[in-house]
Structure formats: structure tokens, C-alpha cells
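Have a look at the structure below, then the notes.
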Amino acid sequence: MQTIKSVGKVGNLKVKVDSIETASYHAGIGHTRWATHGSVNETNCHPHISESGRFVVIHNGIIENFAEIKKSLIEKGKTFQSETDTEVTVQLFEDIFDGDHISTLKKITKKMHGAYGLVFIDKEHPDRLFGTKKGSPMVIGFGKDEKYISSDYRALIGLIDDYIILEDGDIFMMTPEEYTILSEDKEVQRDHHGIDEDELPVELGDFPHFMLKEIYEQKDVIREMFRGRIDFEKNTLHSDTLEALVQENIEKITIVASGTSYHSGLVGKYYLEEFADIPTDVIVSAEFKYKKKFIDSKTLFIFVSQSGETADVLDSLKIVKEQGGKVFGIVNVPGSAIARTTGRGLYTRAGIEIGVASTKAFTTQVATFLFMALYLGKHRNLDYRKYREILENFRKIPEVLEKVCEQKDTIQGIAKKYSHFEDIFYLGRGLELPIALEGSLKLKEISYIHSEAYASGELKHGPIALIDEKFPTILINGDTSLYEKNISTAEEIKARKGTVLGIVSENDTKKSSYDDVLTYPSVHSDLDVFTQTVILQLFSYFVALELDRDIDKPRNLAKSVTVE
Ligand code: F6R
């Protein structure tokens, strides 16, 4: 058995792996660690090895009671190499190993609390992988002459023909020839899922980064979101799922999500209240999970997630389901845990998103919320003229997004100018506040510039103290009823020597109120969030490019947050 570890980019590991002879090996395990316990160094990297050197493990998740397990093993005389929670799993495994891998796995899972996807190798049986999962995703993929296990089937595209999804509590054992899955002591079969043709490995093509490629793809994926759902010629909407929902007479909605998906939920709230006339709350999943819940037959809980695997969202969903609440998913990845657990919902159809900073997932979530709000609204009080007006303009979104992308050189020029600041403010009101929040998140994620987003009206209540010539503001000010109020905000900032970059419509008549402007072709004040978002995505992208950041894989971030 050989163990190879490396810190930093996976490319560093590849160099080490390429330098060794692997032809005689039959099985291997590997893990990119996202540090939860212990600093980023080689000792803390997976795999971890039992004291005797016989067992090795990789682990995705967190063992919450690792400290007490570690203490009891140390009392028994075991010595630990790393600071990680993961190492206790393999030390514990060795400590209670009874000669049978499966029965030992059952015993260790009884002692561990938390989330885990665990894969072990026993040096005495080097052709065999075995493990178990709870809370963390795991799939087994089937290639021509080999099998794979992974936390995400998309990591295996190009290597496998189909895959199965393991359920919580499943224990698996596999060799190149065969595999077994046990659930509650019984052997079970899990359904096989094929790989769609459009899921072939995603290539960068002529783009320098996946993020830029995915920003450009937004026009296409929004069209994809429309497909079969909206007939623009006849002004009709189609969805069996929403038709069934209409019959349930929902009176209140609570949206639960994290990060960028939470921001799309805030736009969703606006649409659901405005067009469907349904009072809607939005809450960050990590907060929702631990707060008092109000569940009744008239409240719908919508769980929004690109990956469909975010632990906080999934845990919140399970709690609502257990308590008998009505659940619904707005998810990008088909067959993901949140999609499976909600059992009903709408797929956003953004396709595979590779850039860690979410872009096309956001705009397709917003489009899905708009579709849903119009559908529900049509069966409630939404005025038909208003319905048609929104629908006619919804149709134009893909083409205006294309126009915004054509302005990339102008956006890059402005981004260059703002890339020298250390702090940037984002302000917006009403529907544009979530766009300010999302713009700010995108900037901090990929450029590491400190930024804050506030409701413009809150500026006077404290944050204005920060404004000076070193702290510029990006003010989103579309053609809404709050336009003049934002102009006053711009004046207040300039009076304190702050620089203001306005994100405004091409037809804006007060462009001189700002130091700089980036403009978009306005289609409708309720729908300009799409173009405003794309301008801010491109702005963040070019700031990060100017600063030579690792745009597709920003430091400290993981694409899918499967631990709490
Ligand atoms: C930001 C970003 C994250 C995710 C968040 C939720 O660019 O990607 O904030 O939006 O971790 O992830 P999903 O949508 O997969 O549940």
C-alpha cells in the first residue's frame, strides 16, 4: 500500500502520482480535503491510516463526537498522527475490528455522530473497497472493467456508463467483479441511473475560465428553462407539478436556501408576493434548521439548491417533512438528495455548473421562480394584462443577456478601475436589493475584496460612516418607483467623497449623478434583475482577473457544501 499526499492544487498531487509505478495496484482511494478540524498540511490530508498501518480511510463529512472517541482511544493507548476528526474513524475501526468488515462498520457507525461518507481499504484485502454513508452523498459508478465510488456522479462522467445512489445507512463492499449493499442487515438493490448524452465531460472550449463560459451560457439555459413550460405564442404556461400545487390552495410560502440560492429566494419572494399574491418568507437554511417552525397544511416550504446536496438545506427539508409540512424543490441537479427528498418541484435546467461561484444557477432559479409565480398568479388574482406584459418581456431575457455580454470590454475597463479598492459597497432597494447582495457575494468570493451589501435606505442608519474616497459604492438603480430615492442616495455618497458606480438602464436620463455607469437594455422594471445580475457577474469576474485570482476555484470554498 502506498499513500501519497499533497497540499494545494490537485495538480500538485498529480505530479507525485505520475512519478510512481501504479500498474500493479487494483484499488485506490483519494479525497480533496476541505479543512474542518486541523490546519491545511499533509499530515491532516486524507487518507488516514490506523496505528498498525493495516486500514486506511477517506471521509467526507464531520464526526461531531470525535473528541470523546479520540479521548477514549488515547486512554486505551492509541496514538494519533493528525488533528482531524476523520482519523478517529480508522483508529476506532481497528480498535474494534472483529475480523469482519461489515460487522465492524456497523459497530463504528453506532458510536459516531455527524455526517459521513467513508471508504476504507484493508491491506490484507487490497482489491476491496468498503464503507458506509450518512448525510453525505455517495454513488457507485460502473465502467467497462472497473467500478468507482464518489460523492458526485458528475466526477465520474466519461468513466462510467451508469451509477447507483447510496441511501443513508447503506453499507457497501465492492471488488472489481462484484458489489453488495446492505441496509438494516438486508441485502438491497438500488436503481441504476444512466448518464445523459448532454452530460458528457464539460469542456472549456475557447473560454479561459468556466465562470466566464457559464456567464455566457445564461441566455441558452434560460431558454432551456422555458422549454415545454412556456408557450410564448399562445401566452400559456404548462406544468403538471404546478397544476397539482394550485389545487392545494397554498396561503403562505417559506423559502429555505443558502448563499446564492438564498438570494434567488429573495427575488422569488418578490415575484410570489407581487404576481401570485402569496405572503412569502425567505430564510437561510442554517438558521431555519434550528428555529421554531410553523408548519400547517396551507404553508408550502420551497427548498432551493443548485447542487441539491447542501447539508443545511437537506437537513431543514428532512425536519419539515418529518413534521408533516408540504415541501417543494427548486433544484438544478437531477436526482440529487434534495430533489429526491422533496419528491416534487421544478428543475432549473442550468446544466452542469463547474465554476465554484454560482452564475447560471442563480439566473435560472430566478427564472423558475418567475415562472412559478406567474403560474400560481394566473390561478389567483393576477390581472391578465399584467400577466401578458410580464410574459412578453420574459421572452426577451435571453436576447438582452446576450447584449450585456457584448459589452464585456466596457465592463472590463470599469472593473480594472475598481480592482484597486480594498472595500466596495453594494446598494439596492426592493427587488434590486437581492441583486446587490448577490453582486457583493460574487465579488468577495472570487476577488477576495471586502464588500458589503445593504438596502439603500439603511445607509443613513450607520453604514454611511464608512464612506470616504477609499470606499466606493455600486448602486443598482433601475427604472423602478424607487429610482429618485436612489438618486438621493448617490448624492449623499458623493457629498462624502465616495465614488458611485451606477448600474442603470441605457435610457436613464440622470447618468451624470454617478461617477461611472454600466448600462443594460431595459425590458421591464420587474425583469431587469437578470441583466443587472449579469453585469455584476462580469464585473466581479474582470476584477478577479485583474487581480490574478484563481477564479474557478477560489480559496477556502467548495462547490457543494455537504457538511453543516
Ligand atoms: C456562491 C455559491 C454558494 C452556494 C451555496 C448553496 O457563488 O455558490 O453560496 O449558492 O453554497 O449551494 P446550493 O445552491 O448548491 O445549495
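In the C-alpha cells, the first chain shown is A, the next is B, and so on; residue numbers restart at 1 for each chain, and ligands run from 1 in the order shown.
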
Please report as CSV every residue of range 364-479 of chain A lying within 8 Å of range 487-500 of chain A, along with the nearest atom pair and their distance in Å (one decimal), using only C-alpha atoms.
residue,atom,partner,partner_atom,distance
A:Ser456,CA,A:Thr489,CA,6.9
A:Gly457,CA,A:Thr489,CA,7.9
A:Ile464,CA,A:Ile493,CA,7.7
A:Ile467,CA,A:Gly498,CA,5.7
A:Asp468,CA,A:Gly498,CA,4.9
A:Glu469,CA,A:Gly498,CA,4.8
A:Lys470,CA,A:Gly498,CA,7.2
A:Phe471,CA,A:Gly498,CA,6.2
A:Pro472,CA,A:Thr499,CA,4.6
A:Thr473,CA,A:Val500,CA,4.9
A:Ile474,CA,A:Val500,CA,5.9
A:Leu475,CA,A:Val500,CA,6.8

Could you write those residues out with C-alpha atoms, as a PDB file, in the first residue's frame?
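Written out: selection05.pdb:
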ATOM      1  CA  SER A 456     -30.021  51.797   0.149  1.00  0.00           C
ATOM      2  CA  GLY A 457     -32.427  53.150   2.751  1.00  0.00           C
ATOM      3  CA  ILE A 464     -22.609  55.846   5.822  1.00  0.00           C
ATOM      4  CA  ILE A 467     -17.940  56.287   3.150  1.00  0.00           C
ATOM      5  CA  ASP A 468     -14.858  58.190   2.012  1.00  0.00           C
ATOM      6  CA  GLU A 469     -12.746  58.400  -1.121  1.00  0.00           C
ATOM      7  CA  LYS A 470     -11.372  54.896  -0.461  1.00  0.00           C
ATOM      8  CA  PHE A 471     -14.768  53.193  -0.190  1.00  0.00           C
ATOM      9  CA  PRO A 472     -16.713  53.244  -3.490  1.00  0.00           C
ATOM     10  CA  THR A 473     -20.342  52.207  -3.921  1.00  0.00           C
ATOM     11  CA  ILE A 474     -22.057  50.229  -6.630  1.00  0.00           C
ATOM     12  CA  LEU A 475     -25.638  51.410  -6.739  1.00  0.00           C
TER      13      LEU A 475
END

So which residues are near ligand 1, meaning at most 10 Å away with only C-alpha atoms and all ligand atoms counted, given back as a PyMOL selection string?
chain A and resi 256-264+284-285+303-314+330-333+338+353+355-359+361-362+365+438-439+441-446+557-562

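Nearest residue to Ser150 in chain A among A:Gly77, A:Ile255, A:Gly30, A:Leu212 is A:Gly30, counting only C-alpha atoms.
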
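Within the 10 Å cut-off around range 507-513 of chain A, using only C-alpha atoms and omitting residues fewer than 3 positions from it on the same chain, the listed residues are Asn477, Gly478, Asp479, Glu484, Ile487, Ser488, Ala490, Glu491, Lys494, Val500, Leu501, Gly502, Ile503, Val504, Asp516, Val517, Leu518, Thr519, Tyr520, Pro521 and Ser522 of chain A.
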
May I have the selected residues written with all heavy atoms, as a compact mmCIF listing (two decimals), in the first residue's frame?
# COMPACT_ATOMS: atom_id res chain seq x y z
N ASN A 477 -29.72 50.87 -9.80
CA ASN A 477 -30.86 51.80 -9.85
C ASN A 477 -31.59 51.71 -11.18
O ASN A 477 -31.39 52.51 -12.08
CB ASN A 477 -30.38 53.23 -9.58
CG ASN A 477 -31.54 54.14 -9.24
OD1 ASN A 477 -32.63 53.66 -8.92
ND2 ASN A 477 -31.32 55.44 -9.28
N GLY A 478 -32.44 50.71 -11.25
CA GLY A 478 -33.25 50.54 -12.46
C GLY A 478 -34.43 51.50 -12.46
O GLY A 478 -34.57 52.33 -11.55
N ASP A 479 -35.26 51.34 -13.48
CA ASP A 479 -36.36 52.27 -13.66
C ASP A 479 -37.55 51.84 -12.79
O ASP A 479 -38.59 51.43 -13.30
CB ASP A 479 -36.72 52.26 -15.16
CG ASP A 479 -37.78 53.27 -15.47
OD1 ASP A 479 -38.00 54.17 -14.64
OD2 ASP A 479 -38.40 53.14 -16.55
N GLU A 484 -35.90 57.70 -7.79
CA GLU A 484 -35.50 59.02 -7.28
C GLU A 484 -34.84 58.89 -5.90
O GLU A 484 -33.92 59.63 -5.56
CB GLU A 484 -36.70 59.98 -7.20
CG GLU A 484 -37.17 60.47 -8.57
CD GLU A 484 -36.11 61.29 -9.32
OE1 GLU A 484 -35.17 61.79 -8.68
OE2 GLU A 484 -36.22 61.40 -10.56
N ILE A 487 -31.34 58.09 -6.38
CA ILE A 487 -30.56 59.24 -6.86
C ILE A 487 -30.13 60.07 -5.63
O ILE A 487 -28.97 60.51 -5.53
CB ILE A 487 -31.40 60.11 -7.85
CG1 ILE A 487 -31.69 59.31 -9.12
CG2 ILE A 487 -30.70 61.44 -8.15
CD1 ILE A 487 -30.53 59.16 -10.08
N SER A 488 -31.04 60.24 -4.67
CA SER A 488 -30.68 60.98 -3.45
C SER A 488 -29.55 60.25 -2.72
O SER A 488 -28.62 60.88 -2.21
CB SER A 488 -31.87 61.11 -2.50
OG SER A 488 -32.95 61.62 -3.20
N ALA A 490 -27.23 58.43 -4.05
CA ALA A 490 -25.98 58.68 -4.79
C ALA A 490 -25.42 60.05 -4.41
O ALA A 490 -24.20 60.19 -4.20
CB ALA A 490 -26.25 58.60 -6.29
N GLU A 491 -26.30 61.03 -4.29
CA GLU A 491 -25.84 62.39 -3.94
C GLU A 491 -25.23 62.39 -2.54
O GLU A 491 -24.20 63.01 -2.30
CB GLU A 491 -27.01 63.40 -3.99
CG GLU A 491 -27.61 63.60 -5.40
CD GLU A 491 -26.59 64.08 -6.42
OE1 GLU A 491 -25.55 64.66 -6.04
OE2 GLU A 491 -26.81 63.85 -7.64
N LYS A 494 -21.78 60.95 -2.73
CA LYS A 494 -20.80 61.84 -3.39
C LYS A 494 -20.44 63.02 -2.48
O LYS A 494 -19.30 63.48 -2.46
CB LYS A 494 -21.35 62.31 -4.73
CG LYS A 494 -21.32 61.16 -5.75
CD LYS A 494 -21.41 61.61 -7.18
CE LYS A 494 -22.65 62.43 -7.42
NZ LYS A 494 -22.82 62.86 -8.78
N VAL A 500 -19.33 56.67 -6.95
CA VAL A 500 -20.52 55.85 -7.18
C VAL A 500 -20.51 55.30 -8.61
O VAL A 500 -20.40 56.05 -9.58
CB VAL A 500 -21.83 56.64 -6.96
CG1 VAL A 500 -23.03 55.71 -7.06
CG2 VAL A 500 -21.83 57.34 -5.61
N LEU A 501 -20.62 53.97 -8.69
CA LEU A 501 -20.80 53.31 -9.99
C LEU A 501 -22.27 52.91 -10.08
O LEU A 501 -22.77 52.13 -9.27
CB LEU A 501 -19.89 52.07 -10.06
CG LEU A 501 -20.21 51.03 -11.14
CD1 LEU A 501 -20.11 51.63 -12.54
CD2 LEU A 501 -19.23 49.84 -11.03
N GLY A 502 -22.99 53.49 -11.04
CA GLY A 502 -24.42 53.17 -11.19
C GLY A 502 -24.62 52.03 -12.16
O GLY A 502 -23.98 51.97 -13.22
N ILE A 503 -25.50 51.11 -11.79
CA ILE A 503 -25.92 50.04 -12.72
C ILE A 503 -27.32 50.47 -13.15
O ILE A 503 -28.28 50.35 -12.38
CB ILE A 503 -25.95 48.66 -12.02
CG1 ILE A 503 -24.65 48.37 -11.27
CG2 ILE A 503 -26.29 47.54 -13.02
CD1 ILE A 503 -23.40 48.27 -12.11
N VAL A 504 -27.41 51.02 -14.34
CA VAL A 504 -28.66 51.70 -14.75
C VAL A 504 -29.07 51.32 -16.17
O VAL A 504 -28.27 50.80 -16.95
CB VAL A 504 -28.48 53.24 -14.69
CG1 VAL A 504 -28.16 53.69 -13.26
CG2 VAL A 504 -27.40 53.72 -15.64
N ASP A 516 -19.39 56.73 -12.52
CA ASP A 516 -19.29 55.80 -13.65
C ASP A 516 -20.63 55.11 -13.79
O ASP A 516 -21.37 54.97 -12.81
CB ASP A 516 -18.24 54.70 -13.37
CG ASP A 516 -16.86 55.28 -13.20
OD1 ASP A 516 -16.31 55.80 -14.17
OD2 ASP A 516 -16.33 55.21 -12.06
N VAL A 517 -20.93 54.63 -14.98
CA VAL A 517 -22.14 53.82 -15.15
C VAL A 517 -21.86 52.59 -15.99
O VAL A 517 -20.99 52.61 -16.87
CB VAL A 517 -23.32 54.58 -15.83
CG1 VAL A 517 -23.97 55.57 -14.91
CG2 VAL A 517 -22.91 55.21 -17.13
N LEU A 518 -22.60 51.54 -15.71
CA LEU A 518 -22.67 50.38 -16.61
C LEU A 518 -24.15 50.24 -16.93
O LEU A 518 -24.99 50.28 -16.02
CB LEU A 518 -22.11 49.13 -15.93
CG LEU A 518 -20.58 49.11 -15.80
CD1 LEU A 518 -20.12 47.96 -14.92
CD2 LEU A 518 -19.91 49.01 -17.18
N THR A 519 -24.46 50.10 -18.21
CA THR A 519 -25.87 50.15 -18.59
C THR A 519 -26.34 48.83 -19.22
O THR A 519 -25.54 48.04 -19.71
CB THR A 519 -26.11 51.27 -19.62
OG1 THR A 519 -25.36 50.95 -20.80
CG2 THR A 519 -25.71 52.62 -19.08
N TYR A 520 -27.66 48.67 -19.21
CA TYR A 520 -28.27 47.49 -19.80
C TYR A 520 -29.53 47.91 -20.56
O TYR A 520 -30.15 48.93 -20.22
CB TYR A 520 -28.63 46.47 -18.70
CG TYR A 520 -29.51 47.05 -17.62
CD1 TYR A 520 -30.88 47.12 -17.77
CD2 TYR A 520 -28.95 47.58 -16.46
CE1 TYR A 520 -31.68 47.68 -16.79
CE2 TYR A 520 -29.74 48.14 -15.47
CZ TYR A 520 -31.11 48.19 -15.64
OH TYR A 520 -31.91 48.77 -14.68
N PRO A 521 -29.91 47.14 -21.56
CA PRO A 521 -31.16 47.45 -22.26
C PRO A 521 -32.33 47.00 -21.38
O PRO A 521 -32.47 45.81 -21.11
CB PRO A 521 -31.08 46.61 -23.54
CG PRO A 521 -30.02 45.59 -23.28
CD PRO A 521 -29.20 45.99 -22.11
N SER A 522 -33.13 47.94 -20.93
CA SER A 522 -34.22 47.60 -20.00
C SER A 522 -35.38 46.95 -20.76
O SER A 522 -35.76 47.40 -21.83
CB SER A 522 -34.69 48.88 -19.32
OG SER A 522 -35.82 48.59 -18.55

At most 12 Å is the cut-off: for each residue in range 317-367 of chain A with any atom that close to an atom of range 137-142 of chain A, write down the nearest atom pair and the distance in Å rounded to one decimal, counting only C-alpha atoms, chain first then increasing number, as JSON lines.
{"residue": "A:Gly335", "atom": "CA", "partner": "A:Val139", "partner_atom": "CA", "distance": 11.3}
{"residue": "A:Ser336", "atom": "CA", "partner": "A:Pro137", "partner_atom": "CA", "distance": 8.6}
{"residue": "A:Ala337", "atom": "CA", "partner": "A:Pro137", "partner_atom": "CA", "distance": 7.5}
{"residue": "A:Ile338", "atom": "CA", "partner": "A:Pro137", "partner_atom": "CA", "distance": 10.8}

Which of A:Arg349, A:His524, A:Lys110, A:Arg128 sits closest to Glu217 in chain A [using only C-alpha atoms]:
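The answer is A:Arg349, which sits nearest to Glu217 in chain A.
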
Please report, as CSV, each residue of range 87-203 of chain A lying at most 10 Å from range 43-59 of chain A, together with the nearest pair of atoms and the separation in Å rounded to one decimal; use only C-alpha atoms, and order rows by chain and ascending residue number.
residue,atom,partner,partner_atom,distance
A:Glu87,CA,A:His48,CA,5.6
A:Val88,CA,A:Ser50,CA,8.8
A:Thr89,CA,A:Val57,CA,7.7
A:Val90,CA,A:Ser50,CA,5.4
A:Gln91,CA,A:Ser50,CA,4.9
A:Leu92,CA,A:Ser50,CA,8.4
A:Phe93,CA,A:Ser50,CA,8.1
A:Glu94,CA,A:Ser50,CA,6.4
A:Asp95,CA,A:Ser50,CA,8.9
A:Ala115,CA,A:His59,CA,9.5
A:Tyr116,CA,A:His59,CA,6.3
A:Gly117,CA,A:His59,CA,5.5
A:Leu118,CA,A:His59,CA,4.6
A:Val119,CA,A:Ile58,CA,5.5
A:Phe120,CA,A:Val57,CA,4.4
A:Ile121,CA,A:Val56,CA,5.4
A:Asp122,CA,A:Phe55,CA,4.7
A:Lys123,CA,A:Arg54,CA,5.2
A:Glu124,CA,A:Arg54,CA,7.2
A:His125,CA,A:Arg54,CA,9.8
A:Leu129,CA,A:Val57,CA,9.8
A:Phe130,CA,A:Val57,CA,9.6
A:Gly131,CA,A:Val57,CA,8.9
A:Thr132,CA,A:His59,CA,9.9
A:Lys133,CA,A:His59,CA,9.4
A:Ser136,CA,A:His59,CA,9.4

Keeping only C-alpha atoms, write the selected residues as a PDB file, in the first residue's frame.
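The result, stored in out32.pdb:
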ATOM      1  CA  GLU A  87      -8.598   9.822  11.922  1.00  0.00           C
ATOM      2  CA  VAL A  88     -10.853   8.562  14.750  1.00  0.00           C
ATOM      3  CA  THR A  89     -12.916   6.564  12.242  1.00  0.00           C
ATOM      4  CA  VAL A  90      -9.996   4.405  11.168  1.00  0.00           C
ATOM      5  CA  GLN A  91      -8.480   4.106  14.640  1.00  0.00           C
ATOM      6  CA  LEU A  92     -11.864   3.111  16.028  1.00  0.00           C
ATOM      7  CA  PHE A  93     -12.330   0.640  13.181  1.00  0.00           C
ATOM      8  CA  GLU A  94      -9.039  -1.040  14.005  1.00  0.00           C
ATOM      9  CA  ASP A  95      -9.749  -0.956  17.730  1.00  0.00           C
ATOM     10  CA  ALA A 115     -22.247  13.232   8.700  1.00  0.00           C
ATOM     11  CA  TYR A 116     -20.062  10.860   6.789  1.00  0.00           C
ATOM     12  CA  GLY A 117     -19.263   9.189   3.542  1.00  0.00           C
ATOM     13  CA  LEU A 118     -16.495   6.732   4.463  1.00  0.00           C
ATOM     14  CA  VAL A 119     -14.420   4.476   2.231  1.00  0.00           C
ATOM     15  CA  PHE A 120     -11.899   2.021   3.702  1.00  0.00           C
ATOM     16  CA  ILE A 121      -9.210  -0.290   2.381  1.00  0.00           C
ATOM     17  CA  ASP A 122      -7.801  -3.211   4.374  1.00  0.00           C
ATOM     18  CA  LYS A 123      -4.189  -4.006   3.447  1.00  0.00           C
ATOM     19  CA  GLU A 124      -4.955  -7.717   3.855  1.00  0.00           C
ATOM     20  CA  HIS A 125      -7.658  -7.492   1.140  1.00  0.00           C
ATOM     21  CA  LEU A 129     -13.308  -1.120  -1.021  1.00  0.00           C
ATOM     22  CA  PHE A 130     -15.890  -0.952   1.733  1.00  0.00           C
ATOM     23  CA  GLY A 131     -17.669   1.781   3.629  1.00  0.00           C
ATOM     24  CA  THR A 132     -20.892   3.486   4.561  1.00  0.00           C
ATOM     25  CA  LYS A 133     -22.667   6.817   4.428  1.00  0.00           C
ATOM     26  CA  SER A 136     -23.017  12.917   2.872  1.00  0.00           C
TER      27      SER A 136
END

I'd like to know which of A:Lys293, A:Arg388, A:Arg33, A:Lys186 is closest to Lys9 in chain A, using only C-alpha atoms.
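Nearest candidate to Lys9 in chain A out of A:Lys293, A:Arg388, A:Arg33, A:Lys186: A:Arg33.
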
For Leu242 in chain A, please output as JSON, numbers by chain all residues within 12 Å (counting only C-alpha atoms; exclusion window: fewer than 4 positions along the same chain).
{"A": [229, 237, 238, 246, 247, 248, 249, 250, 328, 329, 344, 345, 346, 368, 369, 371, 372, 373, 374, 375, 376, 377, 378, 379]}

Using only C-alpha atoms, which residues sit within 7 Å of Val267 in chain A once same-chain residues fewer than 5 positions away are excluded, as JSON, numbers by chain?
{"A": [366, 431, 434]}
